[in-house]
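Only one structure is covered here, and it is reproduced in the block below.
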Amino acid sequence: MDHQNIRFHNVEELEPVEGGWLLRRVGAAARARISPGVQENCFATGIELRFTMPDGAVDLLLKTIPQAEAATAHIFFGSFQGGWEYSSKNIGANVTRIHIEYPAKLATLRRITAEKQLAFAPEVVRVVLPYVPVIFAGAEGRTALPAADQLPQKTYLAYGSSITHGSLSLIQPDCYVFRNAQALGVDYLNLGFAGNALMEEEMANYLVSRRDWDFASVEMGINTTERVKEFPLEVFEERIDRFTAVLARDPRPVFATSFFGYLDEDTDRTDKMRRIVRRYAAERLIFTDGLQLLDDETLISADGTHPDARGQEQIAARWSRIMAETLANRTAR
């Protein structure tokens, strides 16, 4: 979505609220067809404000709805993380002014981008928002929309739980979705929904209705493990069957995984659920068991469920390699 000469990447709707616009990844019409958890979710996971600066500097005005974790935006110039003065900025509950200027070594970044064929032109400012809710209150200074040739030509979409959402990666650029895209030289769309990746058939229909991605990944299962009354095994299996069937009808590649390693207290139930995911995803999608991507108790955070920052890094390193090899083989056919 474009607004005020800024590309609101991974945003389908700007919802008017007091003092600005709440950034919504899924529009109201689509949200209404999915579960209440998705309808209510207003996290800024995977949202970036992208623009170029004709005058070399811009001020953004942002604020957040406070959560338990810090709200820190990270600034990139194309594929390069900003230097110390423009690398990360905390966003407060009151309107926060974030001043951004182009780096002095912009010409050097252009040269490296061309030589290494990096995905983003360094003139493109990318303000990577935290996954907490963020309200856009305005911008001061001239902005312009990035040109098509300044951005990646292909896009990767990721659906999943709070792990996909980036929780406990500490910063959004360290979540496995961002790192996968970085390794593959593509753009990304993060549709992680903390606590609410419930594999609804309506969600699958929504994902395939979007024409803005070239390949996708789906992480399935963790949000249903402790909801035994709502998701007994037969209901879980029906969800997985319908969800993967919809995705399989789309010709675009879809990579799938089950539960990443976590400190499980009911291994019998989880093992049964893991086998259910494998049964349907291995037949229909490009399946990798979650334990192949992460199975190390030392890479799990103290909550017992979420990979820590190193765990996210391992998932990205392993899954991006599988993706790269699979996509290259498909292109070679």
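Identifiers in this document derive from the order of the structure tokens: chains are assigned A, B, ..., residues are numbered from 1 separately in each chain, and ligands are numbered from 1 in order of occurrence.
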**OP:** Considering only C-alpha atoms, return as a VMD selection string whatever protein or nucleic-acid residues lie within 8 Å of range 208-214 of chain A, sequence-local ones (same chain, fewer than 2 positions apart) excluded.
**Re:** chain A and resid 154 to 157 189 204 to 206 216 246 to 247 250 252 to 253
Original post:
What lies within 7 Å of Leu168 in chain A using only C-alpha atoms, ignoring chain neighbours under 3 positions off, as a PyMOL selection string?
Top reply: chain A and resi 306-309
Please dump the current selection as a short mmCIF file (atom, residue, chain, number, x, y, z; two decimals), in the first residue's frame; keep C-alpha atoms.
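And here's result_16.cif as it stands now:
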data_model
loop_
_atom_site.label_atom_id
_atom_site.label_comp_id
_atom_site.auth_asym_id
_atom_site.auth_seq_id
_atom_site.Cartn_x
_atom_site.Cartn_y
_atom_site.Cartn_z
CA HIS A 306 10.15 -20.14 21.16
CA PRO A 307 13.56 -20.52 19.55
CA ASP A 308 15.99 -17.89 20.81
CA ALA A 309 17.88 -15.61 18.43
#
**OP:** Mind the document's chain letters and residue numbers, and return as number ranges by chain the residues of range 94-272 of chain A that DSSP labels strand (DSSP E).
**Re:** A: 96-101, 125-128, 134-140, 155-160, 187-192, 215-219, 254-257
Subject >> alpha helix (DSSP H) per DSSP on the backbone: members of range 239-297 of chain A, as a PyMOL selection string >> reply: chain A and resi 239-248+267-284+290-293
Find the residues of range 252-274 of chain A that sit at most 12 Å from range 281-288 of chain A; for each, write down the nearest two atoms and how far apart they are in Å, to one decimal. Count only C-alpha atoms. Sort by chain, then by number going up, and give it as a tab-separated table.
residue	atom	partner	partner_atom	distance
A:Arg252	CA	A:Leu285	CA	10.0
A:Pro253	CA	A:Ile286	CA	7.4
A:Val254	CA	A:Leu285	CA	5.8
A:Phe255	CA	A:Ile286	CA	4.5
A:Ala256	CA	A:Phe287	CA	4.8
A:Thr257	CA	A:Thr288	CA	5.2
A:Ser258	CA	A:Thr288	CA	7.6
A:Phe259	CA	A:Thr288	CA	10.2
A:Phe260	CA	A:Thr288	CA	10.3
A:Arg274	CA	A:Ala281	CA	10.5
Subject >> Nearest to Thr108 in chain A, chosen from A:Tyr159, A:Tyr131, A:Phe77, A:Tyr86, with only C-alpha atoms counted in the distances >> reply: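 Closest residue, counting only C-alpha atoms: A:Phe77.
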Original post:
Between A:Gln4, A:Asn41, A:Ser301, A:Thr143, which has the minimum distance to Met53 in chain A (counting only C-alpha atoms)?
Top reply: A:Thr143
**OP:** Please provide the set of residues having any atom within 9 Å of Thr224 in chain A, restricted to only C-alpha atoms, with same-chain residues fewer than 3 positions apart removed, written as a ChimeraX atom specification.
**Re:** /A:195-198,220-221,227-228,230-232,236
Would you tabulate, counting only C-alpha atoms, all residues of range 94-190 of chain A that have an atom at most 6 Å from an atom of range 20-37 of chain A, showing the closest pair of atoms and their distance in Å to one decimal, sorted by chain then ascending number, as a tab-separated table?
residue	atom	partner	partner_atom	distance
A:Ile135	CA	A:Leu22	CA	4.5
A:Phe136	CA	A:Trp21	CA	5.2
A:Ala137	CA	A:Gly20	CA	4.4
**OP:** Do a neighbour search on Ala44 in chain A at 12 Å with only C-alpha atoms, toss out local chain neighbours closer than 4 positions, and write the hits as number ranges by chain.
**Re:** A: 8-14, 22-26, 48-49, 63-65, 71-73, 127-136, 165-167, 172, 189-194
Original post:
A:Leu294, A:Val58, A:Val17, A:Ala119: which is nearest Gln150 in chain A, counting only C-alpha atoms?
Top reply: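 Comparing A:Leu294, A:Val58, A:Val17, A:Ala119 against Gln150 in chain A, the winner is A:Ala119.
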Original post:
So how far away is CA of Ala316 in chain A from CA of Phe80 in chain A, in Å?
Top reply: 18.6 Å
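When CA of Pro122 in chain A is paired with CA of Ser79 in chain A, their separation reads 6.6 Å.
Closest to Asp241 in chain A among A:Val186, A:Val277, A:Ala332, A:Val218 is A:Val277, based on only C-alpha atoms.
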Original post:
What is the distance, in Å and to one decimal place, between CA of Arg318 in chain A and CA of Leu293 in chain A?
Top reply: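 Computing the Euclidean distance for CA of Arg318 in chain A and CA of Leu293 in chain A yields 5.9 Å.
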Subject >> Nearest candidate to Thr326 in chain A (options A:Glu297, A:Ala302, A:Ile6, A:Leu184; using only C-alpha atoms) >> reply: A:Leu184
